[in-house]
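*Asks:* My questions all concern the structure below.
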Amino acid sequence: MDTKTIATVFDNSVEALVEYISVTFDTAFNLISDMIGVVLHGIEQIFLFPPFYVVIAIFGLLAWKTAGKGMVVFTVGGFLLCWAMNLWDETMVTMALVVASVIITLLFAIPLGIAAGSNRRVSEGTRVLMDFLQTMPPYVYLIPAIAILGFGASPAITATAIIAFAPAVRLTSLGIQQVPREHVEVGLAFGATPAQALFKIKLPSALPSIMAGVNQSLMLALSMAVIAGIIGAGGLGKEVYRAIRVLEVGKAFDAGISIVILAIILDRITQGAVTLIKEGSKS
Amino acid sequence: MNDSMYISIGSYLEIVVDWLNVNHSEPFELLSSLMERSVKLIESILLFPHASIVMIVFSLIAWKLAGRKVGGLTLGGLVFCYLMNLWKATMLTTALVGVSTVAALLVAIPLGIWSAINPTADRITRPIMDLMQTMPPWVYLIPAVILFGLGRAPAVIATAIFAIPPALRLTNLGIKEVPWDQLEVGKAFGATTAQIVWKIQIPAAMPSIMAGVNQCIMMSLSMVVLAGLIGAGGLGGEVVRGLTRMMIGVGMRSGLAIVVLAIIFDRVTQGMVAMSKH
């Protein structure tokens, strides 16, 4: 039997399996897909409904609060440039994709990170899983996602959320593990319930680490959201992909510049938030 | 609102690029053909003998570098790629990763050493590395395609540039962390600056440099796969084919081969890091 036959058998069985899964769990996947669609649409509206200058002003304020005056100039200037290059809608769609994926990923990652931070066995298990997740090139996640959810925004968000999962779990668990024992002891001595100890002592003191995880997740999500342009997620990724294929040099550059601007803004604002929280917890 | 209201920075860059392409294309063509030929050469070396010989040679190298377990893993992984009818694509991807990693290290290690011993160089490279690491990998493909066209050369060049920052940073860190007293001993025995760098700092920084090589290879692999989009071929090309034509089987098969390759590269280079510590 030559390798070509083996490959064909493999391809056919994968396709049969995927078809079986997607037919059997059709309702469940449709539900998930619809839910993701609703979340994404809602977030998109938040960014697209107000006029661009309102959104820019809000981000400028955020940058001022977290990262100082220099960053305000960059944020306002950068976003104005995106608008001026006629890429405002695309930029905001990408932003919505990133925010939606990170919210979905954090919903799972933070509880898992807390569990891993408080229980040794869970921690061992998640570490193996995270090592595996992080060895794979990001691209690979798109394949099962479209196999099950089809083309469009839902598989893009699912794949992006999976990519962004690992750093958030790791840094949450690290933050919880690094809470000084005495702090928890003091809380318990004063008769705090385990839930109170978690929400009032452990989580606040792990917050800088959790925020660092959010920053990492956002950056990974952004790089993935752009890649996801090829499977039909909208935004800047789609624009880059389109422009490269038809060799519209100028347009491809414009979209590339917008991606870099978005990356820098998201990175600096969340990094600023990390420092802010650290300083707040010291004083 | 009509189109003329908007500005496009890209259209100015397009003029610059066009001018470069028309008037000063020689250096780009030289670089491009150099990369193209290196990839071609390595690819033909890897594909010339029978697959089983290549598998055995790679497994022995992995065994030597990282121990028996990794040797076995390598053999199993390569047999898997062969059975999946992806041997040619796997070898092409290996060649692409190899050439771009070497190109990246040729830039990153000297710059890393230089920026570790020269504060001015450090001040210049640091913000550039910060910016480069903020940019999503995709972005590197755009100028590469525009200057070098589609195919393998732009893929290798974009990959090499993308993979520079971690190697540079870890080399820099390794050199800076060499204990002070070791340098003092060298100086006391009358070593020249060059001798101190070559005989004390670099050997002592070896584990960190090797960790940089590991990072560089992993980033190269993820980028080379992405470069399937611009026609670089290999496993990335197969993934793109699977994704864009809804051939889930092909996509899954080549995706698995990429994971296998990633695990092999990672474990072998991590084994090298561990060895360089002893």
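Lettering and numbering for the structure tokens are positional, with chains as A, B, ... in the shown order, residues counted from 1 in each chain, and ligands counted from 1 in the shown order.
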Do a neighbour search on Gln215 of chain B at 10 Å with only C-alpha atoms, toss out local chain neighbours closer than 3 positions, and write the hits as a list in words.
*Replies:*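 What passes the distance filter is Thr101, Ala163, Ile164, Pro165, Pro166, Ala167, Leu170, Ile209, Met210, Ala211, Gly212, Met218, Met219, Ser220, Leu221, Asp266, Thr269 and Gln270 of chain B.
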*Asks:* With a cut-off of 6 Å and counting only C-alpha atoms, select all residues of chain A in contact with chain B and give the selection as a list of chain:residue names.
*Replies:* A:Thr3, A:Lys4, A:Ala7, A:Asp11, A:Val14, A:Glu15, A:Ala84, A:Met85, A:Asn86, A:Met136, A:Pro137, A:Val140, A:Ser223, A:Val249, A:Gly250, A:Lys251, A:Phe253, A:Asp254, A:Gly256, A:Val260
*Asks:* Selected residues, C-alpha atoms, written as a PDB file, in the first residue's frame, please.
*Replies:*
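The new file selection_27.pdb reads:
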```
ATOM      1  CA  THR A   3       1.443   6.468   1.048  1.00  0.00           C
ATOM      2  CA  LYS A   4      -1.047   8.105  -1.255  1.00  0.00           C
ATOM      3  CA  ALA A   7      -3.409   9.641   2.935  1.00  0.00           C
ATOM      4  CA  ASP A  11      -8.684  12.250   4.487  1.00  0.00           C
ATOM      5  CA  VAL A  14     -11.557  12.593   8.834  1.00  0.00           C
ATOM      6  CA  GLU A  15     -14.171  14.019   6.517  1.00  0.00           C
ATOM      7  CA  ALA A  84      -8.225  58.942   7.377  1.00  0.00           C
ATOM      8  CA  MET A  85      -7.067  55.866   5.474  1.00  0.00           C
ATOM      9  CA  ASN A  86     -10.711  54.826   5.133  1.00  0.00           C
ATOM     10  CA  MET A 136       1.272  24.281  17.999  1.00  0.00           C
ATOM     11  CA  PRO A 137       1.516  27.055  15.436  1.00  0.00           C
ATOM     12  CA  VAL A 140      -3.474  24.897  13.091  1.00  0.00           C
ATOM     13  CA  SER A 223      -2.373  38.315  15.611  1.00  0.00           C
ATOM     14  CA  VAL A 249       0.430  47.490  -2.709  1.00  0.00           C
ATOM     15  CA  GLY A 250      -0.839  50.748  -1.240  1.00  0.00           C
ATOM     16  CA  LYS A 251      -3.955  49.235   0.310  1.00  0.00           C
ATOM     17  CA  PHE A 253       0.413  48.799   3.417  1.00  0.00           C
ATOM     18  CA  ASP A 254      -2.465  50.883   4.771  1.00  0.00           C
ATOM     19  CA  GLY A 256      -0.716  46.715   7.733  1.00  0.00           C
ATOM     20  CA  VAL A 260       0.404  47.861  13.884  1.00  0.00           C
TER      21      VAL A 260
END
```
*Asks:* Taking 5 positions as the minimum chain separation for residues in the same chain, which residues sit within 12 Å of segment 194-196 of chain B when counting only C-alpha atoms? Answer as a PDB file with C-alpha atoms, in the first residue's frame.
*Replies:*
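Contents of part08.pdb, as written:
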```
ATOM      1  CA  ILE B 113      26.573  40.545  21.499  1.00  0.00           C
ATOM      2  CA  TRP B 114      27.255  44.047  20.266  1.00  0.00           C
ATOM      3  CA  ILE B 117      28.732  45.326  25.323  1.00  0.00           C
ATOM      4  CA  ILE B 175      26.089  38.092  27.660  1.00  0.00           C
ATOM      5  CA  VAL B 178      27.961  36.697  32.740  1.00  0.00           C
ATOM      6  CA  TRP B 180      31.380  40.131  36.825  1.00  0.00           C
ATOM      7  CA  GLN B 182      34.769  36.037  35.649  1.00  0.00           C
ATOM      8  CA  LEU B 183      35.441  39.097  33.502  1.00  0.00           C
ATOM      9  CA  GLU B 184      37.730  40.502  36.167  1.00  0.00           C
ATOM     10  CA  VAL B 185      39.749  37.295  36.239  1.00  0.00           C
ATOM     11  CA  GLY B 186      40.115  37.481  32.468  1.00  0.00           C
ATOM     12  CA  LYS B 187      41.239  41.089  32.609  1.00  0.00           C
ATOM     13  CA  ALA B 188      43.639  40.357  35.451  1.00  0.00           C
ATOM     14  CA  PHE B 189      45.314  37.738  33.299  1.00  0.00           C
ATOM     15  CA  GLN B 201      31.360  35.798  27.631  1.00  0.00           C
ATOM     16  CA  ILE B 202      30.128  33.700  24.720  1.00  0.00           C
ATOM     17  CA  PRO B 203      30.809  30.298  26.318  1.00  0.00           C
ATOM     18  CA  ALA B 204      29.185  31.462  29.561  1.00  0.00           C
TER      19      ALA B 204
END
```
*Asks:* Tell me, in Å to one decimal, how far atom CA of Val23 of chain A is from atom CA of Ile146 of chain A.
*Replies:* 14.2 Å
*Asks:* Would you pick out the contacts of segment 63-66 of chain A at 12 Å or less, using only C-alpha atoms, so that residues sharing its chain but fewer than 5 positions from it are not included, and give the list as a list in words?
*Replies:*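 Selected residues are Ile56, Ala57, Ile58, Met71, Val72, Val73, Phe74, Thr75, Val76, Ile264, Ile265, Leu266, Asp267, Arg268, Ile269, Thr270, Gln271, Gly272, Ala273, Val274, Thr275, Leu276, Ile277, Lys278, Glu279 and Gly280 of chain A.
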*Asks:* Restricting the output to N, CA and C atoms, write the selected residues as a PDB file, in the first residue's frame.
*Replies:*
```
ATOM      1  N   ILE A  56     -12.732  57.518  19.468  1.00  0.00           N
ATOM      2  CA  ILE A  56     -11.344  57.965  19.625  1.00  0.00           C
ATOM      3  C   ILE A  56     -11.167  58.689  20.954  1.00  0.00           C
ATOM      4  N   ALA A  57     -12.143  59.532  21.298  1.00  0.00           N
ATOM      5  CA  ALA A  57     -12.030  60.279  22.552  1.00  0.00           C
ATOM      6  C   ALA A  57     -12.012  59.329  23.742  1.00  0.00           C
ATOM      7  N   ILE A  58     -12.865  58.298  23.696  1.00  0.00           N
ATOM      8  CA  ILE A  58     -12.898  57.344  24.816  1.00  0.00           C
ATOM      9  C   ILE A  58     -11.560  56.616  24.946  1.00  0.00           C
ATOM     10  N   MET A  71       1.082  58.610  25.267  1.00  0.00           N
ATOM     11  CA  MET A  71       0.258  57.579  24.638  1.00  0.00           C
ATOM     12  C   MET A  71      -1.065  58.159  24.131  1.00  0.00           C
ATOM     13  N   VAL A  72      -1.581  59.221  24.804  1.00  0.00           N
ATOM     14  CA  VAL A  72      -2.811  59.867  24.323  1.00  0.00           C
ATOM     15  C   VAL A  72      -2.584  60.388  22.909  1.00  0.00           C
ATOM     16  N   VAL A  73      -1.442  61.054  22.723  1.00  0.00           N
ATOM     17  CA  VAL A  73      -1.126  61.603  21.406  1.00  0.00           C
ATOM     18  C   VAL A  73      -1.077  60.481  20.379  1.00  0.00           C
ATOM     19  N   PHE A  74      -0.409  59.374  20.752  1.00  0.00           N
ATOM     20  CA  PHE A  74      -0.290  58.268  19.815  1.00  0.00           C
ATOM     21  C   PHE A  74      -1.655  57.646  19.523  1.00  0.00           C
ATOM     22  N   THR A  75      -2.456  57.447  20.577  1.00  0.00           N
ATOM     23  CA  THR A  75      -3.759  56.798  20.393  1.00  0.00           C
ATOM     24  C   THR A  75      -4.651  57.633  19.474  1.00  0.00           C
ATOM     25  N   VAL A  76      -4.777  58.921  19.813  1.00  0.00           N
ATOM     26  CA  VAL A  76      -5.647  59.784  19.020  1.00  0.00           C
ATOM     27  C   VAL A  76      -5.116  59.894  17.588  1.00  0.00           C
ATOM     28  N   ILE A 264      -0.155  48.394  18.910  1.00  0.00           N
ATOM     29  CA  ILE A 264       0.573  49.230  19.866  1.00  0.00           C
ATOM     30  C   ILE A 264      -0.392  49.821  20.887  1.00  0.00           C
ATOM     31  N   ILE A 265      -1.557  50.312  20.427  1.00  0.00           N
ATOM     32  CA  ILE A 265      -2.502  50.922  21.357  1.00  0.00           C
ATOM     33  C   ILE A 265      -2.976  49.902  22.398  1.00  0.00           C
ATOM     34  N   LEU A 266      -3.413  48.728  21.921  1.00  0.00           N
ATOM     35  CA  LEU A 266      -3.906  47.715  22.862  1.00  0.00           C
ATOM     36  C   LEU A 266      -2.810  47.297  23.841  1.00  0.00           C
ATOM     37  N   ASP A 267      -1.584  47.145  23.328  1.00  0.00           N
ATOM     38  CA  ASP A 267      -0.480  46.707  24.173  1.00  0.00           C
ATOM     39  C   ASP A 267      -0.155  47.733  25.246  1.00  0.00           C
ATOM     40  N   ARG A 268       0.025  48.981  24.826  1.00  0.00           N
ATOM     41  CA  ARG A 268       0.455  49.994  25.790  1.00  0.00           C
ATOM     42  C   ARG A 268      -0.631  50.285  26.824  1.00  0.00           C
ATOM     43  N   ILE A 269      -1.920  50.301  26.381  1.00  0.00           N
ATOM     44  CA  ILE A 269      -2.987  50.586  27.352  1.00  0.00           C
ATOM     45  C   ILE A 269      -3.051  49.475  28.402  1.00  0.00           C
ATOM     46  N   THR A 270      -2.986  48.206  27.965  1.00  0.00           N
ATOM     47  CA  THR A 270      -3.088  47.142  28.971  1.00  0.00           C
ATOM     48  C   THR A 270      -1.824  47.064  29.816  1.00  0.00           C
ATOM     49  N   GLN A 271      -0.655  47.325  29.204  1.00  0.00           N
ATOM     50  CA  GLN A 271       0.565  47.343  30.025  1.00  0.00           C
ATOM     51  C   GLN A 271       0.510  48.463  31.044  1.00  0.00           C
ATOM     52  N   GLY A 272      -0.022  49.615  30.605  1.00  0.00           N
ATOM     53  CA  GLY A 272      -0.192  50.726  31.541  1.00  0.00           C
ATOM     54  C   GLY A 272      -1.106  50.330  32.688  1.00  0.00           C
ATOM     55  N   ALA A 273      -2.169  49.579  32.358  1.00  0.00           N
ATOM     56  CA  ALA A 273      -3.095  49.137  33.402  1.00  0.00           C
ATOM     57  C   ALA A 273      -2.389  48.228  34.393  1.00  0.00           C
ATOM     58  N   VAL A 274      -1.495  47.362  33.910  1.00  0.00           N
ATOM     59  CA  VAL A 274      -0.742  46.477  34.814  1.00  0.00           C
ATOM     60  C   VAL A 274       0.066  47.306  35.804  1.00  0.00           C
ATOM     61  N   THR A 275       0.808  48.288  35.295  1.00  0.00           N
ATOM     62  CA  THR A 275       1.634  49.114  36.188  1.00  0.00           C
ATOM     63  C   THR A 275       0.765  49.870  37.179  1.00  0.00           C
ATOM     64  N   LEU A 276      -0.362  50.377  36.664  1.00  0.00           N
ATOM     65  CA  LEU A 276      -1.268  51.147  37.518  1.00  0.00           C
ATOM     66  C   LEU A 276      -1.749  50.302  38.692  1.00  0.00           C
ATOM     67  N   ILE A 277      -2.150  49.053  38.383  1.00  0.00           N
ATOM     68  CA  ILE A 277      -2.651  48.174  39.439  1.00  0.00           C
ATOM     69  C   ILE A 277      -1.544  47.851  40.435  1.00  0.00           C
ATOM     70  N   LYS A 278      -0.333  47.622  39.896  1.00  0.00           N
ATOM     71  CA  LYS A 278       0.794  47.312  40.789  1.00  0.00           C
ATOM     72  C   LYS A 278       1.042  48.454  41.750  1.00  0.00           C
ATOM     73  N   GLU A 279       1.062  49.687  41.203  1.00  0.00           N
ATOM     74  CA  GLU A 279       1.307  50.847  42.064  1.00  0.00           C
ATOM     75  C   GLU A 279       0.186  50.994  43.074  1.00  0.00           C
ATOM     76  N   GLY A 280      -1.060  50.782  42.605  1.00  0.00           N
ATOM     77  CA  GLY A 280      -2.211  50.898  43.493  1.00  0.00           C
ATOM     78  C   GLY A 280      -2.126  49.924  44.653  1.00  0.00           C
TER      79      GLY A 280
END
```
*Asks:* Residues at most 12 Å from segment 32-37 of chain A, counting only C-alpha atoms, excluding those fewer than 2 positions away in the same chain, as number ranges by chain?
*Replies:* A: 25-30, 39-44, 96-97, 100-101, 103-105, 145-146, 148-158, 161, 233
*Asks:* Record the distance separating atom CA of Ser205 of chain A and atom CA of Gly125 of chain A, expressed in Å with one decimal.
*Replies:*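 A separation of 24.3 Å between them.
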*Asks:* Just to confirm, what's the straight-line distance from atom CA of Gly231 of chain B to atom CA of Arg152 of chain B in Å (one decimal)?
*Replies:*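 The value is 6.9 Å.
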*Asks:* Do you know which residues are at most 8 Å from Val169 of chain A counting only C-alpha atoms, after dropping those on the same chain fewer than 5 positions away, and could you put them as a CSV table (one decimal) with C-alpha atoms, in the first residue's frame?
*Replies:*
```
chain,number,residue,atom,x,y,z
A,109,ALA,CA,-9.3,30.9,31.6
A,110,ILE,CA,-9.7,32.8,34.8
A,112,LEU,CA,-9.3,27.4,35.4
A,113,GLY,CA,-6.3,29.5,36.4
A,213,GLY,CA,-2.3,37.6,31.2
```
*Asks:* Ranking B:Cys216, B:Met91, B:Ala103, B:Met55 by minimum distance to Gly77 of chain B and counting only C-alpha atoms, which one comes first?
*Replies:* B:Met55
*Asks:* Which residue out of A:Val18, A:Leu48, A:Ala168, A:Val38 has the minimum interatomic distance to Asp89 of chain A when only C-alpha atoms are used?
*Replies:*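 Closest residue, counting only C-alpha atoms: A:Leu48.
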*Asks:* Of the residues A:Gly229, A:Val55, A:Phe108, A:Asn119, which is the one nearest to Met92 of chain A, using only C-alpha atoms?
*Replies:* A:Val55
*Asks:* From a DSSP pass on the backbone, collect the residues of segment 93-270 of chain A flagged as alpha helix (DSSP H) and hand them back as a PyMOL selection string.
*Replies:* chain A and resi 93-118+120-135+142-149+153-177+181-189+194-196+203-227+236-245+249-270
